[in-house]
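Colleague: File work-v3.txt follows (compact mmCIF, C-alpha atoms):
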# COMPACT_ATOMS: atom_id res chain seq x y z
CA MET I 1 31.36 22.73 -18.84
CA HIS I 2 34.94 21.78 -18.04
CA ARG I 3 36.08 18.71 -19.96
CA ASP I 4 37.19 16.94 -16.74
CA GLN I 5 33.68 17.14 -15.28
CA PRO I 6 31.32 14.29 -16.08
CA SER I 7 28.09 15.42 -17.69
CA LEU I 8 25.01 15.14 -15.52
CA LYS I 9 21.98 13.60 -17.13
CA ALA I 10 18.45 13.53 -15.84
CA LEU I 11 17.19 10.07 -15.03
CA SER I 12 14.82 8.86 -17.72
CA THR I 13 13.09 6.35 -15.45
CA PRO I 14 12.11 6.94 -11.84
CA GLN I 15 14.12 5.22 -9.15
CA PRO I 16 12.16 2.39 -7.53
CA VAL I 17 10.82 2.82 -4.03
CA PRO I 18 12.26 0.04 -1.87
CA PRO I 19 9.81 -2.11 0.10
CA LEU I 20 8.89 -0.85 3.54
CA LEU I 21 9.20 -3.37 6.37
CA LEU I 22 7.02 -2.49 9.35
CA ASP I 23 6.36 -4.14 12.67
CA LEU I 24 2.59 -4.14 13.19
CA ASP I 25 0.46 -5.36 16.05
CA GLN I 26 -2.44 -7.65 15.21
CA MET I 27 -5.02 -7.20 17.93
CA LEU I 28 -6.24 -10.63 19.06
CA ASP I 29 -8.69 -8.92 21.41
CA GLU I 30 -9.03 -5.51 23.05
CA PHE I 31 -5.87 -5.91 25.14
CA THR I 32 -3.75 -8.57 23.39
CA PRO I 33 -1.44 -7.50 20.55
CA LEU I 34 0.40 -10.09 18.47
CA PRO I 35 3.50 -8.64 16.76
CA ILE I 36 3.62 -9.28 13.02
CA ARG I 37 5.92 -8.00 10.31
CA ALA I 38 4.58 -6.64 7.04
CA ALA I 39 6.31 -5.70 3.79
CA PHE I 40 4.71 -2.88 1.76
CA HIS I 41 5.54 -2.95 -1.97
CA PHE I 42 5.06 -0.26 -4.63
CA ASP I 43 5.14 -0.99 -8.36
CA ALA I 44 5.43 2.10 -10.59
CA ASP I 45 3.60 0.17 -13.34
CA MET I 46 0.54 -0.11 -11.04
CA PRO I 47 0.89 2.96 -8.81
CA ALA I 48 -2.67 2.96 -7.48
CA VAL I 49 -2.09 -0.42 -5.79
CA ILE I 50 0.07 -1.19 -2.77
CA THR I 51 0.86 -4.86 -2.18
CA VAL I 52 1.25 -5.81 1.47
CA GLU I 53 2.77 -9.12 2.49
CA PHE I 54 1.96 -10.11 6.07
CA LEU I 55 4.99 -12.20 6.99
CA ALA I 56 4.10 -15.17 9.17
CA GLU I 57 6.70 -16.42 11.61
CA ARG I 58 5.64 -19.95 10.75
CA GLY I 59 3.67 -20.98 7.72
CA PRO I 60 2.80 -19.13 4.54
CA SER I 61 2.62 -15.36 4.30
CA LEU I 62 -0.59 -13.57 3.37
CA VAL I 63 -0.53 -11.14 0.44
CA ARG I 64 -3.20 -8.45 0.11
CA ARG I 65 -3.52 -5.51 -2.27
CA PHE I 66 -4.81 -2.14 -1.13
CA GLY I 67 -5.55 1.14 -2.85
CA ARG I 68 -2.72 3.56 -2.24
CA GLU I 69 -5.27 6.31 -1.63
CA LEU I 70 -7.05 4.21 1.03
CA LEU I 71 -3.78 3.81 2.97
CA HIS I 72 -2.81 7.46 2.54
CA ARG I 73 -6.18 8.81 3.68
CA GLY I 74 -6.37 6.30 6.52
CA LEU I 75 -3.41 7.96 8.19
CA THR I 76 -5.48 11.09 8.92
CA ALA I 77 -9.18 10.18 8.53
CA MET I 78 -11.61 7.27 8.13
CA SER I 79 -10.91 5.61 4.79
CA GLY I 80 -12.32 2.67 2.89
CA CYS I 81 -15.55 0.79 3.20
CA GLY I 82 -16.71 -2.79 3.11
CA ASP I 83 -14.03 -5.34 3.87
CA VAL I 84 -11.06 -2.92 4.19
CA ARG I 85 -11.03 0.20 6.36
CA MET I 86 -8.32 2.33 7.90
CA TRP I 87 -8.44 5.23 10.36
CA PRO I 88 -6.10 7.05 12.77
CA ALA I 89 -5.81 5.79 16.33
CA LEU I 90 -6.35 8.14 19.24
CA PRO I 91 -3.33 10.41 19.82
CA ARG I 92 -0.63 8.88 21.97
CA GLU I 93 3.14 8.49 22.21
CA ARG I 94 3.51 6.63 18.89
CA PRO I 95 1.09 7.89 16.18
CA SER I 96 -0.60 4.97 14.47
CA SER I 97 -3.61 3.96 12.43
CA TRP I 98 -5.93 0.97 12.58
CA LEU I 99 -6.25 -1.27 9.52
CA LEU I 100 -9.31 -3.53 9.59
CA LEU I 101 -9.69 -6.46 7.19
CA GLU I 102 -13.02 -8.28 7.22
CA SER I 103 -14.55 -11.23 5.45
CA GLU I 104 -17.57 -13.41 6.14
CA GLU I 105 -15.41 -15.85 8.12
CA VAL I 106 -12.87 -13.68 9.93
CA GLU I 107 -11.74 -10.19 10.78
CA ALA I 108 -8.27 -8.90 11.57
CA LEU I 109 -7.36 -5.57 13.15
CA PHE I 110 -3.80 -4.26 12.81
CA GLU I 111 -2.13 -1.26 14.42
CA VAL I 112 0.14 0.36 11.83
CA PRO I 113 2.86 2.89 12.75
CA ALA I 114 1.81 6.09 10.94
CA ALA I 115 5.07 8.03 10.51
CA PRO I 116 7.12 5.49 8.53
CA LEU I 117 4.12 4.56 6.36
CA ALA I 118 3.41 8.24 5.65
CA GLN I 119 7.04 8.88 4.63
CA TRP I 120 7.09 5.81 2.41
CA LEU I 121 3.78 6.70 0.74
CA ASP I 122 5.08 10.24 0.13
CA ALA I 123 8.04 8.67 -1.71
CA THR I 124 5.63 6.72 -3.93
CA TYR I 125 3.70 9.91 -4.75
CA ARG I 126 6.98 11.54 -5.84
CA ILE I 127 7.33 8.73 -8.41
CA THR I 128 3.70 8.88 -9.59
CA SER I 129 1.29 11.57 -8.43
CA ALA I 130 -2.26 10.75 -7.43
CA GLU I 131 -3.50 12.60 -10.51
CA ALA I 132 -1.33 10.53 -12.86
CA GLU I 133 -1.72 7.06 -11.32
CA MET I 134 -4.46 5.99 -13.76
CA ASP I 135 -2.78 7.43 -16.88
CA GLY I 136 -1.09 4.19 -17.92
CA LEU I 137 -4.09 1.95 -17.29
CA ASN I 138 -5.23 -0.02 -20.31
CA TRP I 139 -8.98 0.52 -19.88
CA ASP I 140 -9.96 -1.93 -22.65
CA GLY I 141 -7.83 -4.70 -21.16
CA PHE I 142 -9.07 -3.85 -17.67
CA LEU I 143 -12.73 -4.07 -18.74
CA ARG I 144 -12.03 -7.30 -20.63
CA GLN I 145 -10.57 -8.85 -17.47
CA LEU I 146 -13.40 -7.45 -15.39
CA LEU I 147 -15.98 -8.99 -17.70
CA ASP I 148 -13.99 -12.25 -17.63
CA GLY I 149 -13.07 -12.75 -21.21
CA PRO I 150 -11.85 -11.21 -24.41
CA VAL I 151 -14.11 -8.80 -26.24
CA THR I 152 -14.89 -9.98 -29.76
CA SER I 153 -15.84 -7.58 -32.48
CA SER I 154 -18.76 -8.31 -34.75
CA GLU I 155 -17.96 -7.56 -38.37
Output the structure of this file as structure tokens.

Modeller:
Amino acid sequence: MHRDQPSLKALSTPQPVPPLLLDLDQMLDEFTPLPIRAAFHFDADMPAVITVEFLAERGPSLVRRFGRELLHRGLTAMSGCGDVRMWPALPRERPSSWLLLESEEVEALFEVPAAPLAQWLDATYRITSAEAEMDGLNWDGFLRQLLDGPVTSSE
């Protein structure tokens, strides 16, 4: 290497994926879309989870967490079950997918542009592959939280 050239070093930590801001349509009924903006966030410390903030024009925003795999699969096939499902819309000018959120009280259907979400999700998989996303999970801590309390050992 020439002494005037700076040395190139590999990055030791992955570069963060910036949030993705998307304009969605919330379907109020079969023919009435309501534009809404959503911010998709990826955290390399919890790669299996995508946090989506539905940004209200007035009032508080709604934050929901989705499995990254559910969103990725929902771009090309039916994905999810229960209160969160996603599937591709019929082919048309702008490829999109439907994201359905249900609860006992309410349901919300959103049309999500597929191409920018697919590109953004691909960037997250370059940071942490699907196969490696559970590697850093503290299973003992996770089970403790799931069972709602610390595990005590009997000596």

Colleague: Give the answer as one residue: which of I:Glu53, I:Ser129, I:Gln119, I:Glu111 has the shortest atom-to-atom distance to Leu28 (chain I), using all atoms listed in the file?

Modeller: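 Nearest candidate to Leu28 (chain I) out of I:Glu53, I:Ser129, I:Gln119, I:Glu111: I:Glu111.
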
Colleague: What are the closest atom pairs, with distances in Å to one decimal, for all residues of region 32-142 of chain I lying within 6 Å of region 16-27 of chain I? Consider all atoms listed in the file, order rows by chain and residue number, and present the result as CSV.

Modeller:
residue,atom,partner,partner_atom,distance
I:Thr32,CA,I:Met27,CA,5.8
I:Pro33,CA,I:Met27,CA,4.4
I:Leu34,CA,I:Gln26,CA,5.0
I:Pro35,CA,I:Asp25,CA,4.5
I:Ile36,CA,I:Leu24,CA,5.2
I:Arg37,CA,I:Asp23,CA,4.5
I:Ala38,CA,I:Leu22,CA,5.3
I:Ala39,CA,I:Leu21,CA,4.5
I:Phe40,CA,I:Leu20,CA,5.0
I:His41,CA,I:Pro19,CA,4.8
I:Leu109,CA,I:Met27,CA,5.6
I:Phe110,CA,I:Gln26,CA,4.4
I:Glu111,CA,I:Asp25,CA,5.1
I:Val112,CA,I:Leu24,CA,5.3

Colleague: Nearest to Gly80 (chain I) among I:Arg126, I:Arg94, I:Arg144, I:Arg68, with distances taken over all atoms listed in the file: which residue is it?

Modeller: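 Checking each candidate against Gly80 (chain I), we get I:Arg68 as the closest.
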
Colleague: What's the separation between CA of Ala123 (chain I) and CA of Met78 (chain I), in Å to one decimal place?

Modeller: 22.0 Å

Colleague: With all atoms listed in the file as the basis for distance, which of I:Phe66, I:Leu99, I:Tyr125, I:Ala77 is at the shortest distance from Ile50 (chain I)?

Modeller: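 Using all atoms listed in the file, Ile50 (chain I) sits closest to I:Phe66.
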
Colleague: Can you list, as a PyMOL selection string, every protein, DNA or RNA residue that comes within 10 Å of Glu107 (chain I) when you count all atoms listed in the file, leaving out same-chain residues fewer than 5 positions away?

Modeller: chain I and resi 28+83-84+100-102

Colleague: For Arg65 (chain I), which of I:Ala118, I:Cys81, I:Trp87, I:Phe42 is the closest residue, counting all atoms listed in the file?

Modeller: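 Comparing I:Ala118, I:Cys81, I:Trp87, I:Phe42 against Arg65 (chain I), the winner is I:Phe42.
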
Colleague: Go ahead and compute the interatomic distance for CA of Leu75 (chain I) and CA of Ser97 (chain I), in Å to one decimal.

Modeller: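 Taking CA of Leu75 (chain I) as the start and CA of Ser97 (chain I) as the end point, the length is 5.8 Å.
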
Colleague: So the first atom is CA of Ser96 (chain I) and the second is CA of Ala114 (chain I); what is the distance between them in Å, to one decimal place?

Modeller: 4.4 Å

Colleague: Measuring atom to atom with all atoms listed in the file, identify which of I:Ser103, I:Thr128, I:Ser61, I:Thr76 is nearest to Ala115 (chain I).

Modeller: I:Thr76

Colleague: From the list I:Glu131, I:Glu105, I:Glu93, I:Leu71, which residue is nearest Thr51 (chain I) when using only C-alpha atoms?

Modeller: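 Nearest candidate to Thr51 (chain I) out of I:Glu131, I:Glu105, I:Glu93, I:Leu71: I:Leu71.
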
Colleague: Reconstruct N, CA and C atoms of region 106-130 of chain I from the incomplete input and present them as a PDB file, keeping the file's coordinate frame.

Modeller:
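Result file follows (out_10.pdb):
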ATOM      1  N   VAL I 106     -13.862 -14.156   8.964  1.00  0.00           N
ATOM      2  CA  VAL I 106     -12.870 -13.680   9.930  1.00  0.00           C
ATOM      3  C   VAL I 106     -12.679 -12.180   9.793  1.00  0.00           C
ATOM      4  N   GLU I 107     -12.177 -11.577  10.870  1.00  0.00           N
ATOM      5  CA  GLU I 107     -11.740 -10.190  10.780  1.00  0.00           C
ATOM      6  C   GLU I 107     -10.404 -10.059  11.485  1.00  0.00           C
ATOM      7  N   ALA I 108      -9.591  -9.133  10.988  1.00  0.00           N
ATOM      8  CA  ALA I 108      -8.270  -8.900  11.570  1.00  0.00           C
ATOM      9  C   ALA I 108      -8.064  -7.400  11.694  1.00  0.00           C
ATOM     10  N   LEU I 109      -7.622  -6.977  12.879  1.00  0.00           N
ATOM     11  CA  LEU I 109      -7.360  -5.570  13.150  1.00  0.00           C
ATOM     12  C   LEU I 109      -5.868  -5.412  13.425  1.00  0.00           C
ATOM     13  N   PHE I 110      -5.228  -4.496  12.676  1.00  0.00           N
ATOM     14  CA  PHE I 110      -3.800  -4.260  12.810  1.00  0.00           C
ATOM     15  C   PHE I 110      -3.557  -2.811  13.209  1.00  0.00           C
ATOM     16  N   GLU I 111      -2.604  -2.608  14.110  1.00  0.00           N
ATOM     17  CA  GLU I 111      -2.130  -1.260  14.420  1.00  0.00           C
ATOM     18  C   GLU I 111      -0.886  -1.013  13.591  1.00  0.00           C
ATOM     19  N   VAL I 112      -0.923   0.055  12.790  1.00  0.00           N
ATOM     20  CA  VAL I 112       0.140   0.360  11.830  1.00  0.00           C
ATOM     21  C   VAL I 112       0.834   1.656  12.253  1.00  0.00           C
ATOM     22  N   PRO I 113       2.154   1.653  12.433  1.00  0.00           N
ATOM     23  CA  PRO I 113       2.860   2.890  12.750  1.00  0.00           C
ATOM     24  C   PRO I 113       2.674   3.915  11.623  1.00  0.00           C
ATOM     25  N   ALA I 114       2.187   5.099  11.962  1.00  0.00           N
ATOM     26  CA  ALA I 114       1.810   6.090  10.940  1.00  0.00           C
ATOM     27  C   ALA I 114       2.999   6.788  10.293  1.00  0.00           C
ATOM     28  N   ALA I 115       3.983   7.200  11.065  1.00  0.00           N
ATOM     29  CA  ALA I 115       5.070   8.030  10.510  1.00  0.00           C
ATOM     30  C   ALA I 115       5.856   7.326   9.405  1.00  0.00           C
ATOM     31  N   PRO I 116       6.352   6.104   9.623  1.00  0.00           N
ATOM     32  CA  PRO I 116       7.120   5.490   8.530  1.00  0.00           C
ATOM     33  C   PRO I 116       6.263   5.179   7.305  1.00  0.00           C
ATOM     34  N   LEU I 117       4.997   4.817   7.514  1.00  0.00           N
ATOM     35  CA  LEU I 117       4.120   4.560   6.360  1.00  0.00           C
ATOM     36  C   LEU I 117       3.865   5.857   5.597  1.00  0.00           C
ATOM     37  N   ALA I 118       3.636   6.955   6.297  1.00  0.00           N
ATOM     38  CA  ALA I 118       3.410   8.240   5.650  1.00  0.00           C
ATOM     39  C   ALA I 118       4.618   8.662   4.812  1.00  0.00           C
ATOM     40  N   GLN I 119       5.825   8.519   5.368  1.00  0.00           N
ATOM     41  CA  GLN I 119       7.040   8.880   4.630  1.00  0.00           C
ATOM     42  C   GLN I 119       7.209   8.016   3.392  1.00  0.00           C
ATOM     43  N   TRP I 120       6.944   6.728   3.537  1.00  0.00           N
ATOM     44  CA  TRP I 120       7.090   5.810   2.410  1.00  0.00           C
ATOM     45  C   TRP I 120       6.069   6.113   1.315  1.00  0.00           C
ATOM     46  N   LEU I 121       4.808   6.351   1.726  1.00  0.00           N
ATOM     47  CA  LEU I 121       3.780   6.700   0.740  1.00  0.00           C
ATOM     48  C   LEU I 121       4.126   8.002   0.025  1.00  0.00           C
ATOM     49  N   ASP I 122       4.657   8.981   0.761  1.00  0.00           N
ATOM     50  CA  ASP I 122       5.080  10.240   0.130  1.00  0.00           C
ATOM     51  C   ASP I 122       6.125   9.962  -0.958  1.00  0.00           C
ATOM     52  N   ALA I 123       7.036   9.031  -0.703  1.00  0.00           N
ATOM     53  CA  ALA I 123       8.040   8.670  -1.710  1.00  0.00           C
ATOM     54  C   ALA I 123       7.375   8.072  -2.950  1.00  0.00           C
ATOM     55  N   THR I 124       6.323   7.291  -2.767  1.00  0.00           N
ATOM     56  CA  THR I 124       5.630   6.720  -3.930  1.00  0.00           C
ATOM     57  C   THR I 124       4.923   7.798  -4.732  1.00  0.00           C
ATOM     58  N   TYR I 125       4.374   8.809  -4.034  1.00  0.00           N
ATOM     59  CA  TYR I 125       3.700   9.910  -4.750  1.00  0.00           C
ATOM     60  C   TYR I 125       4.693  10.793  -5.489  1.00  0.00           C
ATOM     61  N   ARG I 126       5.961  10.809  -5.077  1.00  0.00           N
ATOM     62  CA  ARG I 126       6.980  11.540  -5.840  1.00  0.00           C
ATOM     63  C   ARG I 126       7.294  10.812  -7.149  1.00  0.00           C
ATOM     64  N   ILE I 127       7.127   9.511  -7.176  1.00  0.00           N
ATOM     65  CA  ILE I 127       7.330   8.730  -8.410  1.00  0.00           C
ATOM     66  C   ILE I 127       6.135   8.915  -9.347  1.00  0.00           C
ATOM     67  N   THR I 128       4.928   8.727  -8.814  1.00  0.00           N
ATOM     68  CA  THR I 128       3.700   8.880  -9.590  1.00  0.00           C
ATOM     69  C   THR I 128       2.682   9.612  -8.738  1.00  0.00           C
ATOM     70  N   SER I 129       2.259  10.780  -9.193  1.00  0.00           N
ATOM     71  CA  SER I 129       1.290  11.570  -8.430  1.00  0.00           C
ATOM     72  C   SER I 129      -0.070  10.879  -8.426  1.00  0.00           C
ATOM     73  N   ALA I 130      -0.904  11.293  -7.502  1.00  0.00           N
ATOM     74  CA  ALA I 130      -2.260  10.750  -7.430  1.00  0.00           C
ATOM     75  C   ALA I 130      -3.025  11.038  -8.718  1.00  0.00           C
TER      76      ALA I 130
END
